[in-house]
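Asker: This is final21.cif, which holds mmCIF, C-alpha atoms and all ligand atoms:
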data_query
#
loop_
_atom_site.label_atom_id
_atom_site.label_comp_id
_atom_site.auth_asym_id
_atom_site.auth_seq_id
_atom_site.Cartn_x
_atom_site.Cartn_y
_atom_site.Cartn_z
CA MET A 869 13.07 -25.85 11.59
CA LYS A 870 11.25 -25.63 8.26
CA ARG A 871 7.64 -24.54 8.50
CA LYS A 872 4.61 -24.44 6.26
CA ILE A 873 3.68 -20.78 5.89
CA MET A 874 0.63 -19.57 4.00
CA LEU A 875 1.21 -16.08 2.60
CA VAL A 876 -1.89 -14.07 1.68
CA ALA A 877 -2.27 -11.21 -0.79
CA GLY A 878 -5.36 -9.69 -2.35
CA ALA A 879 -5.00 -6.15 -3.59
CA ARG A 880 -2.41 -4.14 -5.50
CA PRO A 881 -0.48 -2.67 -2.54
CA ASN A 882 -0.08 -6.19 -1.11
CA PHE A 883 1.89 -7.45 -4.06
CA MET A 884 5.02 -5.34 -3.53
CA LYS A 885 4.93 -6.40 0.13
CA ILE A 886 4.71 -10.16 -0.43
CA ALA A 887 7.40 -10.24 -3.13
CA PRO A 888 10.44 -9.92 -0.82
CA VAL A 889 8.75 -11.83 2.01
CA HIS A 890 8.05 -14.79 -0.26
CA GLY A 891 11.67 -14.70 -1.45
CA ALA A 892 13.13 -14.56 2.06
CA LEU A 893 10.90 -17.31 3.46
CA ALA A 894 11.55 -19.60 0.50
CA ALA A 895 15.30 -18.93 0.76
CA ALA A 896 15.13 -19.96 4.42
CA GLY A 897 13.72 -23.30 3.25
CA HIS A 898 10.11 -22.89 4.39
CA ASP A 899 7.27 -24.38 2.42
CA VAL A 900 5.47 -21.22 1.28
CA VAL A 901 1.89 -21.56 0.05
CA LEU A 902 0.76 -18.43 -1.77
CA VAL A 903 -2.92 -17.45 -1.66
CA HIS A 904 -4.34 -14.67 -3.85
CA THR A 905 -7.83 -13.74 -2.72
CA GLY A 906 -8.66 -12.13 -6.06
CA GLN A 907 -9.78 -8.86 -4.43
CA HIS A 908 -7.98 -7.15 -7.29
CA TYR A 909 -8.33 -9.01 -10.57
CA ASP A 910 -7.80 -6.66 -13.53
CA ALA A 911 -4.58 -7.53 -15.37
CA GLU A 912 -3.21 -4.05 -14.70
CA MET A 913 -4.08 -4.22 -10.97
CA SER A 914 -2.72 -7.72 -10.39
CA ARG A 915 -1.11 -9.92 -13.09
CA LEU A 916 1.32 -7.20 -14.18
CA PHE A 917 2.72 -6.93 -10.65
CA PHE A 918 3.30 -10.67 -10.33
CA ASP A 919 5.17 -10.65 -13.64
CA GLU A 920 7.28 -7.58 -12.96
CA LEU A 921 8.15 -8.48 -9.38
CA GLY A 922 8.83 -12.13 -10.18
CA ILE A 923 6.26 -13.38 -7.67
CA PRO A 924 5.48 -17.04 -8.31
CA GLU A 925 2.06 -18.02 -9.58
CA PRO A 926 -0.32 -18.20 -6.57
CA ASP A 927 -0.97 -21.76 -5.40
CA ILE A 928 -4.59 -20.81 -4.78
CA ASN A 929 -6.75 -18.00 -6.18
CA LEU A 930 -10.00 -17.43 -4.29
CA GLU A 931 -11.35 -15.18 -7.08
CA VAL A 932 -13.54 -13.11 -4.77
CA GLY A 933 -13.71 -9.99 -6.97
CA SER A 934 -15.44 -6.72 -6.07
CA ALA A 935 -18.43 -6.24 -3.79
CA SER A 936 -19.50 -4.20 -0.76
CA HIS A 937 -17.17 -4.44 2.25
CA ALA A 938 -19.34 -6.98 4.06
CA VAL A 939 -19.92 -9.16 1.01
CA GLN A 940 -16.30 -9.02 -0.13
CA THR A 941 -14.94 -9.80 3.35
CA ALA A 942 -17.49 -12.58 3.85
CA GLU A 943 -16.61 -14.12 0.47
CA ILE A 944 -12.92 -14.02 1.38
CA MET A 945 -13.67 -15.78 4.67
CA LYS A 946 -15.96 -18.37 3.13
CA ARG A 947 -13.46 -19.29 0.45
CA PHE A 948 -10.35 -19.12 2.65
CA GLU A 949 -11.59 -21.48 5.38
CA PRO A 950 -11.61 -24.69 3.29
CA VAL A 951 -8.17 -23.81 1.87
CA LEU A 952 -6.81 -23.42 5.37
CA LEU A 953 -8.41 -26.68 6.52
CA GLN A 954 -6.96 -28.50 3.55
CA HIS A 955 -3.41 -27.16 3.85
CA ARG A 956 -3.12 -26.81 7.64
CA PRO A 957 -0.10 -24.49 7.64
CA ASP A 958 1.90 -23.72 10.79
CA MET A 959 1.38 -20.04 10.16
CA VAL A 960 -0.67 -17.64 8.05
CA MET A 961 1.08 -14.41 7.18
CA VAL A 962 -0.97 -11.40 6.07
CA VAL A 963 0.30 -8.01 4.90
CA GLY A 964 -1.04 -4.46 4.88
CA ASP A 965 -4.56 -3.33 5.67
CA VAL A 966 -6.97 -4.40 2.95
CA ASN A 967 -10.15 -6.45 3.31
CA SER A 968 -8.22 -9.61 2.41
CA THR A 969 -5.87 -8.97 5.36
CA ALA A 970 -8.64 -8.75 7.94
CA GLY A 971 -10.85 -11.47 6.43
CA CYS A 972 -8.10 -14.09 6.36
CA SER A 973 -6.91 -13.11 9.86
CA LEU A 974 -10.34 -13.81 11.31
CA VAL A 975 -10.55 -17.21 9.65
CA THR A 976 -7.04 -18.14 10.79
CA LYS A 977 -7.53 -17.34 14.44
CA LYS A 978 -10.73 -19.37 14.62
CA LEU A 979 -8.77 -22.45 13.63
CA ASP A 980 -6.84 -24.01 16.51
CA GLY A 981 -3.10 -24.25 16.22
CA VAL A 982 -2.44 -21.95 13.29
CA ALA A 983 -0.33 -18.92 14.12
CA LEU A 984 -1.04 -15.53 12.57
CA ALA A 985 1.64 -13.00 11.61
CA HIS A 986 0.97 -9.48 10.36
CA VAL A 987 3.49 -7.61 8.23
CA GLU A 988 3.07 -3.81 8.51
CA ALA A 989 1.44 -3.98 11.92
CA GLY A 990 0.72 -1.10 14.27
CA LEU A 991 0.07 1.72 11.79
CA ARG A 992 -2.80 3.90 13.00
CA SER A 993 -4.49 6.92 11.44
CA PHE A 994 -6.85 7.03 14.44
CA ASP A 995 -9.59 7.63 11.89
CA ARG A 996 -12.15 4.87 12.07
CA THR A 997 -14.06 6.17 9.07
CA MET A 998 -11.25 4.64 6.99
CA PRO A 999 -11.97 1.03 6.07
CA GLU A 1000 -8.24 0.30 6.28
CA GLU A 1001 -8.09 1.46 9.91
CA ILE A 1002 -10.76 -1.09 10.86
CA ASN A 1003 -8.78 -3.78 9.04
CA ARG A 1004 -5.58 -2.78 10.88
CA VAL A 1005 -7.16 -2.80 14.32
CA VAL A 1006 -8.86 -6.17 13.78
CA THR A 1007 -5.77 -7.83 12.28
CA ASP A 1008 -3.42 -6.58 14.98
CA ALA A 1009 -5.77 -7.59 17.80
CA LEU A 1010 -5.71 -11.15 16.46
CA SER A 1011 -2.06 -11.56 15.43
CA ASP A 1012 0.48 -13.66 17.34
CA LEU A 1013 3.45 -12.00 15.73
CA LEU A 1014 3.39 -8.34 14.65
CA PHE A 1015 6.07 -6.96 12.34
CA THR A 1016 6.27 -3.18 12.39
CA THR A 1017 7.69 -0.78 9.79
CA GLU A 1018 8.23 2.28 11.98
CA ARG A 1019 8.61 2.86 15.71
CA SER A 1020 5.20 4.55 16.02
CA GLY A 1021 3.74 1.13 15.19
CA ASP A 1022 5.37 -0.45 18.26
CA GLU A 1023 4.06 2.36 20.45
CA ASN A 1024 0.51 2.07 19.09
CA LEU A 1025 0.42 -1.67 19.66
CA ILE A 1026 1.76 -1.45 23.21
CA ALA A 1027 -0.80 1.30 23.95
CA GLU A 1028 -3.54 -1.06 22.75
CA GLY A 1029 -2.39 -3.72 25.18
CA ILE A 1030 -0.63 -6.03 22.73
CA PRO A 1031 2.04 -7.94 24.69
CA ARG A 1032 5.43 -6.45 23.89
CA GLU A 1033 7.00 -9.82 23.11
CA ARG A 1034 4.72 -10.24 20.11
CA VAL A 1035 5.91 -7.02 18.47
CA ARG A 1036 9.00 -7.05 16.26
CA PHE A 1037 10.35 -3.94 14.57
CA VAL A 1038 11.76 -5.15 11.25
CA GLY A 1039 11.49 -2.16 8.91
CA ASN A 1040 9.66 -1.78 5.65
CA VAL A 1041 9.28 -4.60 3.11
CA MET A 1042 7.73 -2.23 0.57
CA ILE A 1043 11.06 -0.42 0.53
CA ASP A 1044 12.87 -3.75 0.02
CA THR A 1045 10.97 -4.01 -3.25
CA LEU A 1046 11.56 -0.37 -4.17
CA LEU A 1047 15.31 -0.58 -3.65
CA SER A 1048 15.70 -3.88 -5.45
CA HIS A 1049 13.80 -2.65 -8.53
CA LEU A 1050 14.89 0.97 -8.73
CA GLU A 1051 17.72 0.48 -11.18
CA ARG A 1052 15.60 -1.61 -13.52
CA ALA A 1053 12.80 0.95 -13.29
CA ARG A 1054 15.18 3.79 -14.15
CA GLY A 1055 16.18 1.98 -17.31
CA LEU A 1056 12.67 2.25 -18.68
CA ASP A 1057 12.58 5.77 -20.01
CA ALA A 1058 9.11 6.15 -18.53
CA PRO A 1059 8.93 9.97 -18.33
CA SER A 1060 9.84 10.52 -21.97
CA ARG A 1061 7.41 7.82 -23.05
CA HIS A 1062 4.72 9.98 -21.45
CA GLY A 1063 6.17 13.09 -23.08
CA LEU A 1064 7.53 14.39 -19.76
CA ALA A 1065 10.91 15.85 -18.85
CA PRO A 1066 12.67 14.45 -15.75
CA GLY A 1067 12.04 16.80 -12.82
CA GLY A 1068 9.48 18.73 -14.84
CA TYR A 1069 6.09 17.28 -13.95
CA ALA A 1070 3.76 16.34 -11.12
CA LEU A 1071 2.38 12.84 -10.62
CA VAL A 1072 -1.05 12.26 -9.08
CA THR A 1073 -2.87 9.22 -7.65
CA LEU A 1074 -6.23 9.27 -5.86
CA HIS A 1075 -8.38 6.35 -4.77
CA ARG A 1076 -9.46 6.79 -1.13
CA PRO A 1077 -13.25 6.44 -0.84
CA SER A 1078 -13.39 9.71 1.14
CA ASN A 1079 -11.76 11.57 -1.78
CA VAL A 1080 -13.20 9.90 -4.84
CA ASP A 1081 -16.60 8.33 -4.13
CA ASP A 1082 -18.37 11.69 -3.89
CA ALA A 1083 -18.03 13.46 -7.26
CA GLN A 1084 -18.36 16.86 -5.55
CA VAL A 1085 -15.42 16.20 -3.23
CA LEU A 1086 -13.28 14.93 -6.09
CA ALA A 1087 -14.21 17.97 -8.19
CA THR A 1088 -12.82 20.34 -5.52
CA ILE A 1089 -9.51 18.47 -5.51
CA MET A 1090 -9.43 18.24 -9.29
CA ASP A 1091 -9.99 21.98 -9.68
CA ALA A 1092 -6.83 22.59 -7.63
CA ILE A 1093 -4.92 20.02 -9.67
CA ALA A 1094 -6.15 21.61 -12.92
CA GLU A 1095 -4.75 24.90 -11.69
CA LEU A 1096 -1.40 23.27 -10.99
CA ALA A 1097 -1.46 21.83 -14.51
CA GLU A 1098 -1.22 25.38 -15.84
CA ARG A 1099 2.19 25.63 -14.16
CA LEU A 1100 3.64 22.24 -15.05
CA PRO A 1101 2.45 19.05 -16.73
CA VAL A 1102 0.50 16.66 -14.50
CA LEU A 1103 0.18 12.92 -15.11
CA PHE A 1104 -2.64 11.09 -13.34
CA PRO A 1105 -2.86 7.28 -13.65
CA VAL A 1106 -6.46 6.56 -12.68
CA HIS A 1107 -7.50 3.81 -10.23
CA PRO A 1108 -10.68 1.96 -11.34
CA ARG A 1109 -12.52 3.24 -8.29
CA THR A 1110 -11.87 6.87 -9.29
CA ARG A 1111 -13.05 6.62 -12.90
CA VAL A 1112 -16.75 7.41 -12.50
CA SER A 1113 -16.39 10.60 -10.44
CA LEU A 1114 -13.53 11.76 -12.64
CA GLU A 1115 -15.53 11.35 -15.83
CA ARG A 1116 -18.26 13.44 -14.25
CA TRP A 1117 -15.80 16.22 -13.42
CA GLU A 1118 -14.42 16.15 -16.95
CA GLY A 1119 -17.90 16.13 -18.46
CA GLU A 1120 -19.05 19.10 -16.35
CA ARG A 1121 -16.11 21.32 -17.29
CA GLY A 1122 -16.02 20.14 -20.91
CA GLY A 1123 -12.75 18.18 -20.79
CA ALA A 1124 -9.49 18.23 -18.88
CA PRO A 1125 -7.07 21.16 -19.20
CA GLU A 1126 -4.19 20.75 -21.60
CA GLY A 1127 -1.46 20.14 -19.04
CA LEU A 1128 -3.36 17.36 -17.29
CA ARG A 1129 -3.10 13.88 -18.73
CA PHE A 1130 -4.84 10.74 -17.58
CA ALA A 1131 -3.48 7.22 -17.93
CA PRO A 1132 -4.76 3.77 -16.97
CA PRO A 1133 -3.25 2.19 -13.82
CA LEU A 1134 0.47 1.71 -14.55
CA GLY A 1135 2.82 -1.16 -13.88
CA TYR A 1136 5.12 -1.06 -10.88
CA LEU A 1137 8.38 -0.33 -12.71
CA GLU A 1138 6.90 2.36 -14.91
CA PHE A 1139 5.28 4.02 -11.93
CA VAL A 1140 8.43 3.88 -9.81
CA HIS A 1141 10.43 5.51 -12.58
CA LEU A 1142 7.84 8.25 -13.01
CA MET A 1143 7.73 8.81 -9.26
CA SER A 1144 11.51 8.98 -8.90
CA GLU A 1145 11.78 11.74 -11.53
CA ALA A 1146 8.72 13.76 -10.50
CA ARG A 1147 9.01 17.35 -9.31
CA LEU A 1148 6.27 16.58 -6.84
CA MET A 1149 3.78 13.87 -5.98
CA LEU A 1150 0.15 14.39 -4.98
CA THR A 1151 -1.51 11.31 -3.52
CA ASP A 1152 -3.83 9.77 -0.97
CA SER A 1153 -2.03 6.41 -1.04
CA GLY A 1154 -0.25 5.01 2.00
CA GLY A 1155 2.63 3.30 0.26
CA ILE A 1156 3.48 6.26 -1.95
CA GLN A 1157 4.07 8.43 1.12
CA GLU A 1158 6.76 5.92 2.08
CA GLU A 1159 8.26 5.49 -1.37
CA THR A 1160 8.60 9.23 -2.02
CA THR A 1161 10.30 9.61 1.36
CA VAL A 1162 12.99 7.13 0.30
CA LEU A 1163 13.26 8.67 -3.18
CA GLY A 1164 13.53 12.19 -1.73
CA VAL A 1165 10.59 13.40 -3.85
CA PRO A 1166 8.28 16.00 -2.22
CA CYS A 1167 4.88 14.45 -1.48
CA LEU A 1168 1.62 16.27 -0.79
CA THR A 1169 -0.81 13.87 0.83
CA LEU A 1170 -4.47 14.67 0.21
CA ARG A 1171 -5.65 13.40 3.57
CA GLU A 1172 -6.26 14.91 7.00
CA ASN A 1173 -4.12 12.30 8.74
CA THR A 1174 -1.57 9.62 8.10
CA GLU A 1175 -0.88 6.30 9.74
CA ARG A 1176 2.75 6.72 8.63
CA PRO A 1177 3.96 9.69 10.73
CA VAL A 1178 7.62 8.94 10.13
CA THR A 1179 7.16 10.13 6.53
CA ILE A 1180 6.32 13.58 7.90
CA GLU A 1181 8.78 13.66 10.79
CA GLN A 1182 11.74 12.40 8.79
CA GLY A 1183 10.61 12.22 5.18
CA THR A 1184 9.27 14.42 2.40
CA ASN A 1185 5.56 14.13 3.23
CA VAL A 1186 3.20 17.04 3.96
CA LEU A 1187 -0.51 16.65 4.75
CA VAL A 1188 -2.69 19.02 2.76
CA GLY A 1189 -6.11 17.46 3.36
CA ARG A 1190 -8.40 18.39 0.52
CA ASP A 1191 -8.17 22.08 1.04
CA PRO A 1192 -7.54 23.72 -2.38
CA MET A 1193 -5.74 26.67 -0.75
CA LYS A 1194 -3.33 24.40 1.07
CA ILE A 1195 -2.75 22.27 -2.04
CA ARG A 1196 -1.98 25.43 -3.98
CA SER A 1197 0.34 27.03 -1.43
CA GLU A 1198 2.30 23.86 -0.68
CA ALA A 1199 2.72 23.05 -4.37
CA GLU A 1200 3.82 26.62 -4.99
CA ALA A 1201 6.45 26.40 -2.25
CA ILE A 1202 7.86 23.24 -3.82
CA LEU A 1203 7.90 24.77 -7.29
CA LYS A 1204 9.72 27.79 -5.87
CA GLY A 1205 12.43 25.43 -4.73
CA ARG A 1206 11.65 24.78 -1.06
CA ARG A 1207 13.70 21.81 0.01
CA THR A 1208 13.01 19.47 2.84
CA ALA A 1209 15.94 17.82 4.52
CA ALA A 1210 14.63 14.29 4.34
CA ARG A 1211 16.29 11.22 5.74
CA VAL A 1212 15.54 7.57 5.21
CA PRO A 1213 13.80 6.08 8.26
CA GLU A 1214 15.37 3.31 10.30
CA GLY A 1215 14.93 -0.15 8.82
CA TRP A 1216 13.98 1.10 5.36
CA ASP A 1217 17.16 -0.37 4.00
CA GLY A 1218 16.12 -3.21 1.72
CA ARG A 1219 16.57 -5.95 4.33
CA ALA A 1220 13.25 -6.03 6.17
CA ALA A 1221 12.09 -9.33 4.67
CA GLU A 1222 15.38 -10.98 5.71
CA ARG A 1223 14.75 -9.78 9.26
CA ILE A 1224 11.25 -11.26 9.13
CA ALA A 1225 12.71 -14.62 8.09
CA ASP A 1226 15.21 -14.39 10.97
CA GLU A 1227 12.43 -13.69 13.45
CA ILE A 1228 10.42 -16.65 12.17
CA ALA A 1229 13.48 -18.88 12.58
CA SER A 1230 13.73 -18.08 16.28
CA TRP A 1231 10.01 -17.88 17.06
CA ASP A 1232 8.37 -20.45 19.31
CA PHE A 1233 5.54 -22.02 17.30
CA THR A 1234 3.85 -23.64 20.33
CA PRO A 1235 0.12 -22.87 19.96
CA ARG A 1236 -1.05 -20.12 22.27
C1 LIG A 1301 -8.34 -1.43 -1.92
C2 LIG A 1301 -7.97 -1.32 -0.46
C3 LIG A 1301 -7.13 -0.07 -0.23
C4 LIG A 1301 -5.95 -0.04 -1.15
C5 LIG A 1301 -6.44 -0.16 -2.58
C6 LIG A 1301 -5.32 -0.11 -3.58
C7 LIG A 1301 -9.66 -2.23 1.11
C8 LIG A 1301 -10.68 -1.86 2.09
N1 LIG A 1301 -9.16 -1.19 0.39
O1 LIG A 1301 -9.20 -0.35 -2.23
O2 LIG A 1301 -6.66 -0.06 1.12
O3 LIG A 1301 -5.22 1.15 -0.97
O4 LIG A 1301 -7.16 -1.40 -2.70
O5 LIG A 1301 -5.79 -0.20 -4.87
O6 LIG A 1301 -9.32 -3.38 0.98
N2 LIG A 1301 -11.83 -2.61 -9.31
C9 LIG A 1301 -11.60 -2.94 -10.61
N3 LIG A 1301 -10.62 -3.85 -10.88
C10 LIG A 1301 -9.89 -4.45 -9.92
C11 LIG A 1301 -10.15 -4.11 -8.57
C12 LIG A 1301 -11.12 -3.18 -8.30
O7 LIG A 1301 -12.22 -2.43 -11.53
O8 LIG A 1301 -9.01 -5.25 -10.24
C13 LIG A 1301 -12.86 -1.58 -9.01
C14 LIG A 1301 -14.20 -2.18 -8.72
O9 LIG A 1301 -15.16 -1.36 -9.30
C15 LIG A 1301 -14.32 -2.10 -7.21
C16 LIG A 1301 -13.48 -0.86 -6.89
O10 LIG A 1301 -12.45 -0.84 -7.88
O11 LIG A 1301 -15.62 -1.99 -6.78
C17 LIG A 1301 -12.88 -0.89 -5.52
O12 LIG A 1301 -12.11 -2.09 -5.32
P1 LIG A 1301 -11.87 -2.65 -3.83
O13 LIG A 1301 -10.90 -3.76 -3.84
O14 LIG A 1301 -13.17 -2.89 -3.17
O15 LIG A 1301 -11.22 -1.43 -3.07
P2 LIG A 1301 -10.12 -0.37 -3.54
O16 LIG A 1301 -10.78 0.95 -3.60
O17 LIG A 1301 -9.34 -0.84 -4.72
#
Could you take the file, read its structure, and then write that structure out as structure tokens?

Answerer:
Amino acid sequence: MKRKIMLVAGARPNFMKIAPVHGALAAAGHDVVLVHTGQHYDAEMSRLFFDELGIPEPDINLEVGSASHAVQTAEIMKRFEPVLLQHRPDMVMVVGDVNSTAGCSLVTKKLDGVALAHVEAGLRSFDRTMPEEINRVVTDALSDLLFTTERSGDENLIAEGIPRERVRFVGNVMIDTLLSHLERARGLDAPSRHGLAPGGYALVTLHRPSNVDDAQVLATIMDAIAELAERLPVLFPVHPRTRVSLERWEGERGGAPEGLRFAPPLGYLEFVHLMSEARLMLTDSGGIQEETTVLGVPCLTLRENTERPVTIEQGTNVLVGRDPMKIRSEAEAILKGRRTAARVPEGWDGRAAERIADEIASWDFTPR
């Protein structure tokens, strides 16, 4: 039976997740209503991704913009409720762990008869100082249908008392997008456009509040990265959140070292190409831990924990926290040629969104 499904996205990492889901649901004949909350709004954080990934123009843009967590989440809720009342979908589908995910989930479950599905359910860092962890716990507690990307997600949900029949392991939609765009990305010549040789540079991204909001904390990490830049070129596309603390670090040391180059946030294809040819990746992103695992690129994650343990157990990911010594020694080991025997996790095969559409087809929509 064809259903009306409202698909929600708000921030950059959501866009590569909704692209294949939108495609698979539309191909199955559902009426898909796309809502962009406007949490991310800069052209380079939003528009570019819709264009490159061929995501249709959102039917509704809530234009919430930036604010504190409470204000941003409240704005999302206030503006989403009338949209939901007007459209009355059979189901709202949210992805990932951003404020838009949690805000729209709350609104949905307070409206009788609308089902809630969460794509990328069950991931847990067990670190409640992370805003994303709060969003994950809230969204999963409310969802009727929970699509997981790795088996640890199923286990976490069951341990939290989520009925097993709500949980569906489908694999990773972010990898659907990676695999379907990899060839196009590789045609871009991105490394040479940045003056870099394939396999001869490190790529860095940092945007977690715990790493970048405090200029002192960021400075410690940046000093280690500056040291690495003496060994091989480092390219760092800078998230808007990171700019202020980074400028302070640069100002205090009188500029960045020669080997370290900054760039504005990059488009998806350009970034994927750069990532696929990097000697190593340093990041605090969630999605990049997954993408480097599939690409077989060594990844040093500048966090104390990860909600994506499969990237460590099976993939190329190593946690280095923000300890300069650890960053140095792990980077050194990679540069000396240490290889990790990585394999691609189960269900990270480019067909996760299809499996989601199959699950929706057989799911009982009776209100619960
Ligand atoms: C959000 C997500 C995070 C995700 C990240 C990816 C939450 C709690 N966090 O964090 O999980 O990994 O997106 O980017 O939802 N800004 C701009 N232009 C924009 C968007 C943001 O300049 O288009 C700046 C604003 O100054 C804003 C700051 O970035 O205050 C933070 O944006 P926000 O959406 O609140 O959180 P992110 O740090 O981007």

Asker: Counting all atoms listed in the file, which of A:Thr941, A:Ile1228, A:Asp980, A:Leu1074 gets nearest to Lys872 of chain A?

Answerer: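 Closest candidate: A:Ile1228.
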
Asker: Got a sec: who's within 8 Å of Ser914 of chain A, counting all atoms listed in the file, leaving out chain neighbours fewer than 6 positions off, as a list of chain:residue names?

Answerer: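 Skipping anything fewer than 6 positions along the chain leaves A:Ala879, A:Arg880, A:Phe883, A:His908.
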
Asker: Taking all atoms listed in the file into account, produce a table as a tab-separated table in which each residue of chain A with an atom at most 7 Å from an atom of ligand LIG 1301 (chain A) appears once, together with its shortest atom pair and the distance in Å to one decimal, ordered by chain and rising number.

Answerer:
residue	atom	partner	partner_atom	distance
A:Ala879	CA	A:LIG1301	O4	5.3
A:Arg880	CA	A:LIG1301	O5	5.2
A:Pro881	CA	A:LIG1301	C6	5.6
A:Gln907	CA	A:LIG1301	O13	5.3
A:His908	CA	A:LIG1301	O8	3.7
A:Tyr909	CA	A:LIG1301	O8	3.8
A:Asp910	CA	A:LIG1301	O8	3.8
A:Met913	CA	A:LIG1301	O8	5.1
A:Ser914	CA	A:LIG1301	O8	6.8
A:Ser934	CA	A:LIG1301	O11	4.8
A:Ala935	CA	A:LIG1301	O11	5.9
A:Ser936	CA	A:LIG1301	O14	6.9
A:His937	CA	A:LIG1301	O14	6.9
A:Asp965	CA	A:LIG1301	O2	6.0
A:Val966	CA	A:LIG1301	O6	3.2
A:Asn967	CA	A:LIG1301	O6	3.9
A:Ser968	CA	A:LIG1301	O6	6.5
A:Pro999	CA	A:LIG1301	C8	5.1
A:Glu1000	CA	A:LIG1301	C8	5.3
A:His1075	CA	A:LIG1301	O16	6.0
A:Arg1076	CA	A:LIG1301	O16	6.5
A:Pro1077	CA	A:LIG1301	O16	6.6
A:His1107	CA	A:LIG1301	O5	6.9
A:Pro1108	CA	A:LIG1301	O7	4.7
A:Arg1109	CA	A:LIG1301	O10	4.1
A:Ser1153	CA	A:LIG1301	O3	6.2
A:Gly1154	CA	A:LIG1301	O3	7.0

Asker: Around (2.1, -21.7, -6.2) in the file's frame, which residues reach within 10 Å when counting all atoms listed in the file? Return as a list in words?

Answerer: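 Answer for this query, in the requested form: Val900, Val901, Leu902, Val903, His904, Ile923, Pro924, Glu925, Pro926, Asp927, Ile928 and Asn929 of chain A.
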
Asker: Would you please work out which residue, of A:Arg1223, A:Lys946, A:Arg871, A:Lys977, is nearest to Phe1015 of chain A when using only C-alpha atoms?

Answerer: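 Nearest to Phe1015 of chain A: A:Arg1223.
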
Asker: Rounded to one decimal place, report the atom CA of Leu1150 of chain A-atom CA of Leu1170 of chain A distance in Å.

Answerer: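 Spanning atom CA of Leu1150 of chain A to atom CA of Leu1170 of chain A is a straight-line distance of 7.0 Å.
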
Asker: Between A:Leu921, A:Trp1216, A:Glu1175, A:Phe948, which is the closest to Arg996 of chain A once you count all atoms listed in the file?

Answerer: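 Residue with the minimum atom-to-atom distance to Arg996 of chain A: A:Glu1175.
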
Asker: Please identify all polymer residues within 12 Å of Pro950 of chain A, counting only C-alpha atoms, omitting same-chain residues fewer than 5 positions from it, and present them as a PyMOL selection string.

Answerer: chain A and resi 928+930+944-945+955-956+972+975-976+979

Asker: Figure out the distance between atom CA of Leu1050 of chain A and atom CA of Val1072 of chain A, please, to one decimal in Å.

Answerer: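 Separation of atom CA of Val1072 of chain A and atom CA of Leu1050 of chain A: 19.5 Å.
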
Asker: Skip Pro1192 of chain A itself and residues of its chain fewer than 4 positions away, then list as JSON, numbers by chain all residues within 8 Å of it, counting only C-alpha atoms.

Answerer: {"A": [1088, 1089, 1091, 1092, 1196]}

Asker: Choose the residue, out of A:Gln1182, A:Asn1040, A:Thr1160, A:Thr1151, that has the smallest atom-to-atom separation from Val1080 of chain A; count only C-alpha atoms.

Answerer: A:Thr1151

Asker: Restricting the calculation to all atoms listed in the file, which member of A:Phe1130, A:Asp899, A:Asn1024, A:Leu1137 is positioned closest to Phe994 of chain A?

Answerer: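 Going through A:Phe1130, A:Asp899, A:Asn1024, A:Leu1137 one by one, the smallest distance to Phe994 of chain A is for A:Asn1024.
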
Asker: Please return, as a JSON list (two decimals) with C-alpha atoms, in the frame of the given file, all polymer residues that have at least one atom within 10 Å of the point (0.8, 5.8, -19.9); use only C-alpha atoms and the file's own coordinate frame.

Answerer:
[["chain", "number", "residue", "atom", "x", "y", "z"],
["A", 1058, "ALA", "CA", 9.11, 6.15, -18.53],
["A", 1059, "PRO", "CA", 8.93, 9.97, -18.33],
["A", 1061, "ARG", "CA", 7.41, 7.82, -23.05],
["A", 1062, "HIS", "CA", 4.72, 9.98, -21.45],
["A", 1063, "GLY", "CA", 6.17, 13.09, -23.08],
["A", 1103, "LEU", "CA", 0.18, 12.92, -15.11],
["A", 1104, "PHE", "CA", -2.64, 11.09, -13.34],
["A", 1105, "PRO", "CA", -2.86, 7.28, -13.65],
["A", 1129, "ARG", "CA", -3.10, 13.88, -18.73],
["A", 1130, "PHE", "CA", -4.84, 10.74, -17.58],
["A", 1131, "ALA", "CA", -3.48, 7.22, -17.93],
["A", 1132, "PRO", "CA", -4.76, 3.77, -16.97],
["A", 1133, "PRO", "CA", -3.25, 2.19, -13.82],
["A", 1134, "LEU", "CA", 0.47, 1.71, -14.55],
["A", 1135, "GLY", "CA", 2.82, -1.16, -13.88],
["A", 1138, "GLU", "CA", 6.90, 2.36, -14.91],
["A", 1139, "PHE", "CA", 5.28, 4.02, -11.93]]
